[in-house]
>>> print(open('protein-v3.cif').read())   # mmCIF, C-alpha atoms
data_upload
#
loop_
_atom_site.label_atom_id
_atom_site.label_comp_id
_atom_site.auth_asym_id
_atom_site.auth_seq_id
_atom_site.Cartn_x
_atom_site.Cartn_y
_atom_site.Cartn_z
CA MET A 1 9.31 -9.70 -48.26
CA ASP A 2 9.99 -7.67 -45.17
CA SER A 3 12.91 -5.41 -46.03
CA THR A 4 13.65 -4.93 -42.34
CA GLN A 5 15.10 -8.42 -42.10
CA LEU A 6 17.27 -7.82 -45.16
CA LEU A 7 18.36 -4.50 -43.76
CA LYS A 8 19.73 -6.06 -40.60
CA GLY A 9 22.12 -8.14 -42.65
CA VAL A 10 23.47 -5.28 -44.69
CA LEU A 11 23.34 -2.34 -42.30
CA ASP A 12 27.02 -2.68 -41.40
CA THR A 13 27.96 -2.46 -45.06
CA ALA A 14 25.57 0.40 -45.68
CA VAL A 15 27.00 2.41 -42.79
CA LEU A 16 30.57 1.77 -43.94
CA ALA A 17 29.58 2.76 -47.47
CA VAL A 18 28.18 6.09 -46.33
CA LEU A 19 31.23 6.80 -44.18
CA SER A 20 33.53 5.96 -47.06
CA GLY A 21 32.18 9.10 -48.68
CA GLY A 22 33.38 11.21 -45.77
CA ARG A 23 33.13 11.39 -42.02
CA THR A 24 29.83 12.46 -40.53
CA TYR A 25 27.79 12.40 -37.33
CA GLY A 26 24.93 10.13 -36.30
CA TYR A 27 21.95 12.24 -37.29
CA ASP A 28 23.41 13.01 -40.71
CA LEU A 29 24.31 9.37 -41.21
CA VAL A 30 20.70 8.37 -40.57
CA ARG A 31 19.54 11.06 -42.98
CA GLN A 32 21.91 9.86 -45.71
CA LEU A 33 20.75 6.27 -45.30
CA ARG A 34 17.12 7.39 -45.59
CA THR A 35 17.93 9.45 -48.66
CA ALA A 36 19.58 6.40 -50.17
CA GLY A 37 16.35 4.47 -49.75
CA PHE A 38 16.64 2.84 -46.33
CA ASP A 39 13.33 4.26 -45.15
CA ASP A 40 12.76 1.61 -42.50
CA VAL A 41 16.12 1.85 -40.79
CA GLY A 42 15.73 2.65 -37.12
CA ASP A 43 17.79 5.44 -35.62
CA ALA A 44 18.69 3.27 -32.66
CA SER A 45 19.84 0.50 -35.03
CA VAL A 46 22.21 2.92 -36.71
CA TYR A 47 23.67 4.03 -33.38
CA GLY A 48 23.96 0.42 -32.26
CA THR A 49 25.76 -0.43 -35.50
CA LEU A 50 28.09 2.53 -35.08
CA ARG A 51 28.94 1.41 -31.58
CA ARG A 52 29.63 -2.14 -32.70
CA LEU A 53 31.76 -1.07 -35.66
CA PHE A 54 33.66 1.43 -33.54
CA GLY A 55 34.20 -1.18 -30.83
CA GLY A 56 35.44 -3.58 -33.51
CA GLY A 57 38.08 -1.09 -34.58
CA TYR A 58 36.61 -0.23 -37.98
CA LEU A 59 35.82 3.41 -37.30
CA THR A 60 37.39 6.55 -35.91
CA SER A 61 35.54 9.19 -33.97
CA GLU A 62 36.13 12.80 -33.12
CA ILE A 63 34.14 15.24 -31.04
CA VAL A 64 33.50 18.46 -32.92
CA PRO A 65 31.90 21.45 -31.21
CA SER A 66 28.81 22.78 -32.91
CA GLU A 67 27.56 26.33 -33.06
CA GLU A 68 23.99 25.10 -33.41
CA GLY A 69 23.80 22.77 -30.45
CA PRO A 70 25.68 20.17 -28.47
CA ALA A 71 29.01 18.85 -29.70
CA ARG A 72 28.73 16.24 -32.42
CA LYS A 73 30.69 13.06 -32.62
CA TYR A 74 31.91 12.56 -36.16
CA TYR A 75 32.59 9.02 -37.28
CA GLY A 76 35.02 8.14 -40.02
CA ILE A 77 36.15 4.94 -41.59
CA ASN A 78 39.72 3.72 -41.00
CA ALA A 79 41.85 1.22 -42.87
CA ALA A 80 40.28 -1.78 -41.18
CA GLY A 81 36.85 -0.40 -42.01
CA THR A 82 37.82 0.19 -45.61
CA HIS A 83 39.08 -3.37 -45.88
CA MET A 84 35.87 -4.68 -44.37
CA LEU A 85 33.83 -2.57 -46.77
CA GLU A 86 35.72 -3.98 -49.78
CA THR A 87 35.19 -7.51 -48.53
CA SER A 88 31.51 -6.85 -47.98
CA ARG A 89 31.19 -5.23 -51.38
CA LYS A 90 32.57 -8.35 -53.08
CA THR A 91 30.42 -10.62 -50.96
CA TRP A 92 27.35 -8.56 -51.74
CA ALA A 93 28.13 -8.40 -55.45
CA GLY A 94 28.50 -12.17 -55.63
CA PHE A 95 25.41 -12.69 -53.54
CA ALA A 96 23.39 -10.23 -55.60
CA THR A 97 24.51 -11.90 -58.85
CA VAL A 98 23.46 -15.28 -57.58
CA MET A 99 20.12 -13.96 -56.38
CA ASN A 100 19.46 -12.04 -59.59
CA ASP A 101 20.26 -15.06 -61.70
CA LEU A 102 18.12 -17.25 -59.52
CA LEU A 103 15.19 -14.89 -59.60
CA GLU A 104 15.49 -14.37 -63.34
CA ASP A 105 15.70 -18.08 -64.08
CA LYS A 106 13.04 -19.30 -61.72
CA GLY A 107 10.91 -16.25 -61.54
CA GLN A 108 9.94 -16.18 -65.18
CA MET B 1 28.51 25.86 -26.09
CA SER B 2 26.15 25.44 -23.20
CA ILE B 3 22.95 23.71 -24.23
CA THR B 4 19.76 23.56 -22.23
CA LEU B 5 17.63 20.60 -23.14
CA SER B 6 13.89 20.71 -22.95
CA SER B 7 12.35 18.61 -20.21
CA VAL B 8 11.02 16.20 -22.85
CA LYS B 9 14.47 15.57 -24.24
CA ALA B 10 16.10 15.49 -20.82
CA ALA B 11 13.59 12.88 -19.69
CA TYR B 12 14.23 10.86 -22.83
CA LEU B 13 17.99 10.93 -22.29
CA ALA B 14 17.49 9.95 -18.65
CA GLY B 15 15.31 7.02 -19.75
CA VAL B 16 17.94 5.80 -22.20
CA ALA B 17 20.72 6.25 -19.66
CA GLU B 18 18.71 4.24 -17.16
CA GLY B 19 18.21 1.50 -19.74
CA LEU B 20 21.95 1.35 -20.37
CA SER B 21 22.96 1.55 -16.73
CA ASP B 22 24.78 -1.77 -16.99
CA LEU B 23 27.31 -0.23 -19.40
CA SER B 24 30.43 1.47 -18.15
CA ASP B 25 30.11 5.19 -17.53
CA GLU B 26 32.34 5.87 -20.53
CA ASP B 27 30.35 3.68 -22.92
CA ARG B 28 27.04 5.04 -21.70
CA GLU B 29 28.26 8.62 -21.98
CA GLU B 30 29.27 8.04 -25.60
CA VAL B 31 25.81 6.80 -26.47
CA ILE B 32 24.17 9.69 -24.63
CA GLN B 33 26.48 12.15 -26.37
CA ASP B 34 25.42 10.83 -29.77
CA LEU B 35 21.79 10.85 -28.81
CA GLU B 36 21.91 14.36 -27.35
CA ALA B 37 23.25 15.72 -30.64
CA HIS B 38 20.56 13.76 -32.44
CA LEU B 39 17.79 15.14 -30.25
CA ALA B 40 19.02 18.65 -30.91
CA GLU B 41 17.86 18.16 -34.49
CA LEU B 42 14.33 17.25 -33.43
CA ASP B 43 11.38 19.15 -32.02
CA ASP B 44 9.94 17.86 -28.76
CA ASP B 45 6.93 16.33 -30.43
CA GLN B 46 9.16 14.47 -32.87
CA VAL B 47 11.24 12.69 -30.26
CA VAL B 48 9.03 9.72 -29.50
CA SER B 49 7.40 9.61 -32.93
CA THR B 50 10.83 9.37 -34.58
CA LEU B 51 12.84 7.33 -32.10
CA GLY B 52 10.16 5.41 -30.24
CA ASP B 53 10.02 5.67 -26.48
CA ALA B 54 13.20 5.36 -24.47
CA GLY B 55 12.61 1.69 -23.71
CA MET B 56 12.15 0.87 -27.39
CA PHE B 57 15.26 2.85 -28.30
CA VAL B 58 17.32 0.96 -25.74
CA ALA B 59 16.02 -2.42 -26.90
CA GLU B 60 16.75 -1.66 -30.57
CA PHE B 61 20.15 -0.21 -29.73
CA ARG B 62 21.09 -3.24 -27.67
CA HIS B 63 20.01 -5.62 -30.39
CA SER B 64 21.91 -3.74 -33.06
CA ALA B 65 25.02 -3.25 -30.96
CA GLY B 66 25.07 -6.89 -29.95
CA LEU B 67 24.51 -6.16 -26.29
CA ASP B 68 22.66 -8.76 -24.30
CA GLU B 69 20.18 -7.77 -21.68
CA PRO B 70 22.11 -7.97 -18.41
CA GLN B 71 21.02 -11.01 -16.42
CA ARG B 72 20.99 -9.30 -13.07
CA LYS B 73 18.78 -6.51 -14.32
CA ARG B 74 16.39 -8.42 -16.51
CA GLY B 75 13.87 -8.59 -13.71
CA PHE B 76 13.82 -4.80 -13.48
CA THR B 77 13.40 -4.16 -17.19
CA ARG B 78 9.67 -3.64 -17.02
CA LEU B 79 10.02 -1.41 -14.00
CA ARG B 80 12.65 0.70 -15.72
CA HIS B 81 10.57 0.84 -18.84
CA ALA B 82 7.51 1.94 -16.86
CA ARG B 83 9.54 4.60 -15.10
CA ALA B 84 10.91 5.90 -18.39
CA VAL B 85 7.41 6.05 -19.85
CA ILE B 86 6.11 7.91 -16.78
CA GLU B 87 8.96 10.40 -16.98
CA GLU B 88 8.33 11.02 -20.66
CA ARG B 89 4.59 11.47 -20.16
CA SER B 90 5.21 13.76 -17.20
CA ALA B 91 7.62 15.81 -19.23
CA ARG B 92 5.07 16.19 -21.99
CA VAL B 93 2.37 17.26 -19.55
CA ALA B 94 4.82 19.76 -18.05
CA GLU B 95 5.44 21.17 -21.51
CA VAL B 96 1.74 21.54 -22.18
CA ILE B 97 1.04 23.43 -18.96
CA GLN B 98 4.29 25.38 -19.36
CA TRP B 99 5.45 24.21 -15.98
CA SER B 100 8.89 25.69 -16.56
CA ARG B 101 7.37 29.16 -16.11
CA PHE B 102 6.03 28.30 -12.68
CA ARG B 103 8.84 26.06 -11.52
CA PRO B 104 11.10 28.78 -10.03
CA ALA B 105 8.22 30.08 -7.90
CA TRP B 106 7.38 26.54 -6.81
CA ILE B 107 10.97 25.92 -5.74
CA TRP B 108 10.82 28.94 -3.41
CA VAL B 109 7.33 28.22 -2.15
CA ARG B 110 7.53 24.51 -1.46
CA GLY B 111 9.82 24.85 1.56
CA TRP B 112 7.57 27.41 3.18
CA LEU B 113 4.58 25.29 2.28
CA LEU B 114 6.03 22.19 3.92
CA VAL B 115 6.69 23.95 7.21
CA THR B 116 3.36 25.76 7.22
CA VAL B 117 1.31 22.65 6.51
CA TRP B 118 3.40 20.58 8.89
CA GLY B 119 2.61 23.10 11.60
CA MET B 120 -1.06 23.02 10.68
CA LEU B 121 -1.36 19.26 10.68
CA TYR B 122 0.94 18.49 13.59
CA TYR B 123 0.36 21.43 15.93
CA GLY B 124 -3.04 22.55 14.71
CA GLU B 125 -1.70 25.91 13.56
CA THR B 126 -3.85 28.06 11.34
CA PHE B 127 -3.37 30.60 8.58
CA GLU B 128 -4.29 33.36 11.00
CA ARG B 129 -0.93 35.06 10.58
CA PHE B 130 -0.46 34.26 6.90
CA PRO B 131 2.07 34.31 5.35
CA ILE B 132 4.19 33.98 8.49
CA PRO B 133 4.40 30.27 9.26
CA ARG B 134 3.84 29.17 12.82
CA PHE B 135 5.33 26.03 14.25
CA GLY B 136 4.72 24.72 17.72
CA GLY B 137 3.02 28.00 18.61
CA SER B 138 6.00 30.11 17.59
CA SER B 139 6.27 32.33 14.54
CA LEU B 140 10.03 32.61 15.01
CA THR B 141 10.45 28.84 14.89
CA GLY B 142 8.19 28.75 11.85
CA LEU B 143 10.22 31.39 10.04
CA VAL B 144 13.53 29.73 10.82
CA LEU B 145 12.28 26.33 9.70
CA ALA B 146 10.75 27.83 6.55
CA ALA B 147 14.04 29.53 5.71
CA VAL B 148 15.95 26.27 6.19
CA ALA B 149 13.41 24.29 4.17
CA THR B 150 13.50 26.85 1.37
CA GLY B 151 17.30 26.77 1.37
CA ILE B 152 17.26 23.00 1.06
CA SER B 153 14.71 23.29 -1.74
CA VAL B 154 16.89 25.70 -3.73
CA TRP B 155 20.01 23.64 -3.03
CA LEU B 156 18.35 20.50 -4.34
CA GLU B 157 17.14 22.33 -7.44
CA GLN B 158 20.58 23.70 -8.21
CA GLY B 159 22.02 20.19 -8.14
CA ARG B 160 19.46 18.55 -10.39
CA SER B 161 22.19 17.60 -12.84
CA THR B 162 23.09 14.75 -10.49
CA SER B 163 20.58 11.96 -10.42
CA ARG B 164 20.62 11.72 -6.61
CA ARG B 165 19.67 15.35 -6.08
CA GLN B 166 17.21 15.15 -8.95
CA THR B 167 15.47 12.28 -7.20
CA ALA B 168 15.58 14.09 -3.86
CA SER B 169 14.17 17.24 -5.44
CA ALA B 170 11.35 15.26 -7.04
CA LEU B 171 10.54 13.63 -3.68
CA TYR B 172 10.60 17.06 -2.04
CA SER B 173 8.07 18.32 -4.55
CA VAL B 174 5.87 15.27 -4.11
CA VAL B 175 5.80 15.67 -0.31
CA ALA B 176 5.07 19.39 -0.64
CA ALA B 177 2.31 18.69 -3.14
CA ILE B 178 0.77 16.11 -0.79
CA ALA B 179 0.99 18.62 2.05
CA LEU B 180 -0.71 21.23 -0.10
CA LEU B 181 -3.40 18.75 -1.07
CA ALA B 182 -3.92 17.76 2.57
CA SER B 183 -4.24 21.39 3.61
CA LEU B 184 -6.81 21.96 0.89
CA LEU B 185 -8.74 18.81 1.67
CA ASN B 186 -8.73 19.32 5.42
CA PRO B 187 -11.33 22.11 5.46
CA ILE B 188 -13.40 20.24 2.89
CA TYR B 189 -13.22 17.12 5.05
CA SER B 190 -14.18 19.12 8.09
CA TRP B 191 -17.08 20.68 6.23
CA VAL B 192 -18.29 17.28 5.08
CA GLN B 193 -17.94 15.94 8.61
CA GLN B 194 -19.94 18.79 9.99
CA ASP B 195 -22.57 18.72 7.32
CA PHE B 196 -23.19 15.01 7.29
CA GLU B 197 -22.05 13.74 10.65
CA ASP B 198 -22.63 16.70 12.91
CA PRO B 199 -25.78 18.23 11.49
CA VAL B 200 -26.49 19.73 14.88
CA LEU B 201 -23.76 22.30 14.36
CA HIS B 202 -25.54 23.73 11.36
CA ILE B 203 -28.93 24.08 12.85
CA ASP B 204 -29.82 27.59 13.84
CA ARG B 205 -30.58 27.85 17.45
CA LEU B 206 -34.26 27.75 18.22
CA THR B 207 -35.91 31.08 18.81
CA GLY B 208 -39.39 31.93 19.91
CA ALA B 209 -41.93 34.16 18.15
CA ASN B 210 -40.44 37.18 19.88
CA GLY B 211 -36.99 36.33 18.61
CA GLU B 212 -35.69 35.34 22.01
CA PRO B 213 -33.75 32.08 22.12
CA VAL B 214 -35.60 29.05 23.41
CA GLU B 215 -33.78 27.75 26.44
CA ASN B 216 -35.66 24.58 27.17
CA ILE B 217 -38.53 22.50 25.82
CA PHE B 218 -41.04 20.57 27.91
CA ALA B 219 -43.11 17.79 26.39
CA TYR B 220 -46.13 16.00 27.84
CA ASP B 221 -48.08 12.93 26.86
CA LEU B 222 -51.81 12.96 26.19
CA GLU B 223 -52.52 12.56 29.89
CA GLY B 224 -50.36 15.52 30.80
CA HIS B 225 -47.45 13.58 32.15
CA PRO B 226 -44.01 15.04 31.36
CA VAL B 227 -41.94 12.94 28.99
CA GLU B 228 -38.37 13.10 27.78
CA VAL B 229 -38.08 13.41 24.04
CA LEU B 230 -35.61 13.83 21.27
CA LEU B 231 -36.87 16.48 18.85
CA PHE B 232 -36.04 16.74 15.17
CA ASP B 233 -36.77 19.35 12.56
CA SER B 234 -38.48 18.73 9.22
CA ARG B 235 -35.16 17.67 7.71
CA GLY B 236 -34.53 15.09 10.37
CA ARG B 237 -31.87 17.08 12.21
CA PRO B 238 -31.89 17.09 16.00
CA LEU B 239 -33.00 20.35 17.56
CA ARG B 240 -30.93 22.03 20.16
CA THR B 241 -31.16 25.07 22.35
CA LEU B 242 -27.45 25.59 22.95
CA PRO B 243 -25.59 28.29 21.06
CA ASP B 244 -22.59 27.39 18.95
CA TYR B 245 -20.51 30.01 20.63
CA VAL B 246 -20.52 31.76 23.95
CA TYR B 247 -18.68 34.93 24.80
CA GLN B 248 -15.65 34.51 26.96
CA GLU B 249 -14.09 37.48 28.60
CA ALA B 250 -10.61 36.13 29.15
CA VAL B 251 -9.26 32.65 28.72
CA PHE B 252 -5.63 31.84 29.20
CA ASP B 253 -4.27 29.88 26.26
CA PRO B 254 -1.27 27.84 27.48
CA ASN B 255 -0.10 27.19 23.91
CA ARG B 256 0.12 30.84 23.01
CA GLU B 257 0.85 32.04 26.49
CA SER B 258 -1.72 34.79 26.13
CA PHE B 259 -5.28 35.61 27.05
CA ASP B 260 -7.91 35.26 24.38
CA PHE B 261 -11.02 37.36 24.27
CA GLY B 262 -14.11 36.87 22.25
CA TYR B 263 -16.32 33.95 21.45
CA GLY B 264 -15.48 30.40 22.36
CA LEU B 265 -16.86 27.28 20.78
CA VAL B 266 -19.21 25.38 23.01
CA ALA B 267 -18.00 21.91 23.83
CA PHE B 268 -20.96 19.65 23.20
CA GLU B 269 -21.21 16.19 24.55
CA ARG B 270 -20.11 13.66 21.99
CA ASP B 271 -20.64 9.94 21.59
CA GLN B 272 -17.95 7.30 21.11
CA PHE B 273 -17.77 8.16 17.42
CA GLY B 274 -17.17 11.83 18.08
CA ARG B 275 -20.64 12.88 16.97
CA ILE B 276 -22.55 15.45 18.91
CA VAL B 277 -25.15 13.90 21.13
CA PRO B 278 -28.56 15.51 20.52
CA ASN B 279 -30.29 17.14 23.44
CA LEU B 280 -32.87 15.15 25.27
CA TYR B 281 -35.64 17.49 26.34
CA PRO B 282 -36.37 18.94 28.76
CA LEU B 283 -32.82 19.91 29.65
CA GLU B 284 -31.88 19.46 33.25
CA LEU B 285 -31.31 22.82 34.81
CA SER B 286 -30.68 21.57 38.31
CA THR B 287 -28.98 18.65 39.91
CA TYR B 288 -27.86 17.31 43.27
CA ASP B 289 -24.38 17.76 44.59
CA ASP B 290 -22.31 15.19 46.44
CA TYR B 291 -24.12 16.10 49.69
CA GLY B 292 -27.59 15.61 48.25
CA MET B 293 -28.26 19.33 48.04
CA LEU B 294 -30.25 20.65 45.10
CA VAL B 295 -28.07 23.03 43.13
CA GLU B 296 -28.77 25.07 40.07
CA MET B 297 -26.86 24.16 36.96
CA ALA B 298 -25.61 26.88 34.70
CA PRO B 299 -28.35 27.29 32.14
CA PRO B 300 -26.82 26.48 28.79
CA SER B 301 -28.63 29.29 27.10
CA ILE B 302 -27.01 31.91 29.31
CA GLY B 303 -23.67 31.28 27.76
CA PHE B 304 -21.51 32.70 30.52
CA PRO B 305 -20.30 29.68 32.42
CA SER B 306 -17.51 29.90 34.90
CA LEU B 307 -14.44 30.28 32.75
CA ASP B 308 -12.12 29.17 35.51
CA GLU B 309 -13.90 25.94 36.09
CA GLY B 310 -15.40 25.27 32.74
CA SER B 311 -12.61 26.09 30.32
CA VAL B 312 -10.20 23.54 29.02
CA ASP B 313 -7.34 24.82 26.88
CA GLY B 314 -9.28 27.89 26.01
CA LEU B 315 -12.40 25.95 25.05
CA VAL B 316 -15.47 27.02 26.94
CA THR B 317 -17.51 24.11 28.15
CA VAL B 318 -21.16 24.39 28.87
CA PRO B 319 -23.00 21.73 30.83
CA THR B 320 -25.41 20.20 28.39
CA THR B 321 -27.38 18.68 31.22
CA ILE B 322 -28.39 15.67 29.25
CA SER B 323 -30.12 12.95 31.12
CA ARG B 324 -29.94 9.54 29.53
CA GLY B 325 -31.71 7.71 32.24
CA GLU B 326 -28.44 6.41 33.63
#
>>> encode(input="protein-v3.cif", output="structure tokens")
Amino acid sequence: MDSTQLLKGVLDTAVLAVLSGGRTYGYDLVRQLRTAGFDDVGDASVYGTLRRLFGGGYLTSEIVPSEEGPARKYYGINAAGTHMLETSRKTWAGFATVMNDLLEDKGQ
Amino acid sequence: MSITLSSVKAAYLAGVAEGLSDLSDEDREEVIQDLEAHLAELDDDQVVSTLGDAGMFVAEFRHSAGLDEPQRKRGFTRLRHARAVIEERSARVAEVIQWSRFRPAWIWVRGWLLVTVWGMLYYGETFERFPIPRFGGSSLTGLVLAAVATGISVWLEQGRSTSRRQTASALYSVVAAIALLASLLNPIYSWVQQDFEDPVLHIDRLTGANGEPVENIFAYDLEGHPVEVLLFDSRGRPLRTLPDYVYQEAVFDPNRESFDFGYGLVAFERDQFGRIVPNLYPLELSTYDDYGMLVEMAPPSIGFPSLDEGSVDGLVTVPTTISRGE
């Protein structure tokens, strides 16, 4: 199965999960997602997701000057984002349980 | 901290900004700010391989951000995409040839080049007084115009951060490059014209066994009757007995307001296509005036026609005395 399609459905949650570990900037966020195993995630998709989540009021942002290059915009998760992440976590857990059970029952 | 982006990255950012031109300035600037910091982490050759080209980035970003393609601009998407691709490719080529090293010199030269070539093409100026540009016969006008054009060139370059001046500067360079190309091609074109359309100009003037120039040729048929003939050499080129140049002692040039000395180009008779008409031999060396009196024509081989009567704008004309049976 093409993981790209699955990724689109969970990218919001994945981004919120990374940011729940601490604020960070776009490039580092992409790197953390890749390290976590999201090899196929597109950089532009991450930035699009950040924009949507920020526009929805789930994130904070702050411009931080950098000694190494242009100023970086650090994103952080706010209370609304944390609430959304918890909701998504429960939804995912239930969904994953159902899928695991289904695959174990029918797949064997 | 002031950051100077490479041309590859700057072109990429410009392509993305163009693709998001329907967003508000604030929204677009936020995206560009993120992307600029992201690009700072990449080498030039990683930009497209990692992010895809600017058009792809914009499409993926829009999809992910939930932005629809703006209706009014949908028709221009391909055009924008093509422009972004061209800019990226151009930037990469510029990197390869290290254009940034030559760019400052080009900025200073292109204004001078425009004026110089404009003068050449429009007023027929030459590089005789290189590097002083001449315009309309005046070096002072040429210098003033070149200074103004160079000033505009530098001014445009200094304002390349704004898209309008960036576009104007690019157009300036394109026009200057075309002018340069035209100036380079002009002598080649002239050479081709002469070599293939005016072969007469490249034929050495006929000389006799003693080295003296042949002034006329008389042909006869088998019965000894004189005939008029067109003569060609072994390569099929028409023969002629007129010199390319004749010495002129003093010719007043109205354009330069001075007298020119030296050799003047002979004005040959030309057909409707501008090609030199080959000599029909024997040349007529005499003719009748308006009163029916036999008068001697200036022998073309002498090369010292009356400058007062035979010069036009400094060009010495020699009667070619061609009879076409009219």
>>> closest_atom_pairs(input="protein-v3.cif", of="chain B", to="chain A", cutoff="6 Å", atoms="only C-alpha atoms", output="tab-separated table")
residue	atom	partner	partner_atom	distance
B:Ala37	CA	A:Pro70	CA	5.5
B:His38	CA	A:Tyr27	CA	5.3
B:Phe57	CA	A:Ala44	CA	5.6
B:Glu60	CA	A:Ala44	CA	5.7
B:Phe61	CA	A:Gly48	CA	4.6
B:Ser64	CA	A:Gly48	CA	4.7
B:Ala65	CA	A:Gly48	CA	4.0
>>> closest_residue(input="protein-v3.cif", among="B:Val144, B:Ile97, B:Ala59, B:Met120", to="Leu20 in chain B", atoms="all atoms listed in the file")
B:Ala59
>>> atom_distance(input="protein-v3.cif", atom1="CA of Leu79 in chain B", atom2="CA of Trp99 in chain B")
26.1 Å
>>> atom_distance(input="protein-v3.cif", atom1="CA of Ile107 in chain B", atom2="CA of Ile32 in chain B")
28.2 Å
>>> atom_distance(input="protein-v3.cif", atom1="CA of Trp108 in chain B", atom2="CA of Val154 in chain B")
6.9 Å
>>> resolve_selection(input="protein-v3.cif", expression="the PyMOL selection byres ((chain B and resi 169-174) around 12)", output="PyMOL selection string")
chain B and resi 87+90+103+106-114+149-150+152-168+175-181
>>> write_last_selection(input="protein-v3.cif", atoms="C-alpha atoms", output="compact mmCIF listing (two decimals), in the coordinates of the input")
# COMPACT_ATOMS: atom_id res chain seq x y z
CA GLU B 87 8.96 10.40 -16.98
CA SER B 90 5.21 13.76 -17.20
CA ARG B 103 8.84 26.06 -11.52
CA TRP B 106 7.38 26.54 -6.81
CA ILE B 107 10.97 25.92 -5.74
CA TRP B 108 10.82 28.94 -3.41
CA VAL B 109 7.33 28.22 -2.15
CA ARG B 110 7.53 24.51 -1.46
CA GLY B 111 9.82 24.85 1.56
CA TRP B 112 7.57 27.41 3.18
CA LEU B 113 4.58 25.29 2.28
CA LEU B 114 6.03 22.19 3.92
CA ALA B 149 13.41 24.29 4.17
CA THR B 150 13.50 26.85 1.37
CA ILE B 152 17.26 23.00 1.06
CA SER B 153 14.71 23.29 -1.74
CA VAL B 154 16.89 25.70 -3.73
CA TRP B 155 20.01 23.64 -3.03
CA LEU B 156 18.35 20.50 -4.34
CA GLU B 157 17.14 22.33 -7.44
CA GLN B 158 20.58 23.70 -8.21
CA GLY B 159 22.02 20.19 -8.14
CA ARG B 160 19.46 18.55 -10.39
CA SER B 161 22.19 17.60 -12.84
CA THR B 162 23.09 14.75 -10.49
CA SER B 163 20.58 11.96 -10.42
CA ARG B 164 20.62 11.72 -6.61
CA ARG B 165 19.67 15.35 -6.08
CA GLN B 166 17.21 15.15 -8.95
CA THR B 167 15.47 12.28 -7.20
CA ALA B 168 15.58 14.09 -3.86
CA VAL B 175 5.80 15.67 -0.31
CA ALA B 176 5.07 19.39 -0.64
CA ALA B 177 2.31 18.69 -3.14
CA ILE B 178 0.77 16.11 -0.79
CA ALA B 179 0.99 18.62 2.05
CA LEU B 180 -0.71 21.23 -0.10
CA LEU B 181 -3.40 18.75 -1.07
>>> residues_near_point(input="protein-v3.cif", point="(30.5, 5.5, -40.2)", cutoff="8 Å", atoms="only C-alpha atoms", output="CSV table (one decimal) with C-alpha atoms, in the frame of the given file")
chain,number,residue,atom,x,y,z
A,15,VAL,CA,27.0,2.4,-42.8
A,16,LEU,CA,30.6,1.8,-43.9
A,17,ALA,CA,29.6,2.8,-47.5
A,18,VAL,CA,28.2,6.1,-46.3
A,19,LEU,CA,31.2,6.8,-44.2
A,20,SER,CA,33.5,6.0,-47.1
A,23,ARG,CA,33.1,11.4,-42.0
A,24,THR,CA,29.8,12.5,-40.5
A,25,TYR,CA,27.8,12.4,-37.3
A,29,LEU,CA,24.3,9.4,-41.2
A,50,LEU,CA,28.1,2.5,-35.1
A,59,LEU,CA,35.8,3.4,-37.3
A,75,TYR,CA,32.6,9.0,-37.3
A,76,GLY,CA,35.0,8.1,-40.0
A,77,ILE,CA,36.2,4.9,-41.6
>>> residues_around(input="protein-v3.cif", residues="Glu36 in chain B", least_positions_apart="3", cutoff="12 Å", atoms="only C-alpha atoms", output="MDAnalysis selection string")
(chainID A and resid 25:27 69:73) or (chainID B and resid 3:6 8:14 16:17 29:33 39:42 47)
>>> closest_residue(input="protein-v3.cif", among="A:Val64, A:Met84, A:Leu103, A:Leu7", to="Gly37 in chain A", atoms="all atoms listed in the file")
A:Leu7
>>> residues_around(input="protein-v3.cif", residues="Leu230 in chain B", least_positions_apart="3", cutoff="7 Å", atoms="all atoms listed in the file", output="PyMOL selection string")
chain B and resi 279-281
>>> residues_around(input="protein-v3.cif", residues="Pro282 in chain B", least_positions_apart="4", cutoff="8 Å", atoms="only C-alpha atoms", output="list in words")
Asn216, Ile217, Phe218, Ala219, Glu228 and Val229 of chain B
>>> closest_residue(input="protein-v3.cif", among="A:Gly9, A:Gln32, A:Asp40, A:Ala14", to="Arg89 in chain A", atoms="all atoms listed in the file")
A:Ala14
>>> closest_residue(input="protein-v3.cif", among="A:Thr13, A:Leu6, A:Arg34, A:Gly21", to="Lys90 in chain A", atoms="all atoms listed in the file")
A:Thr13
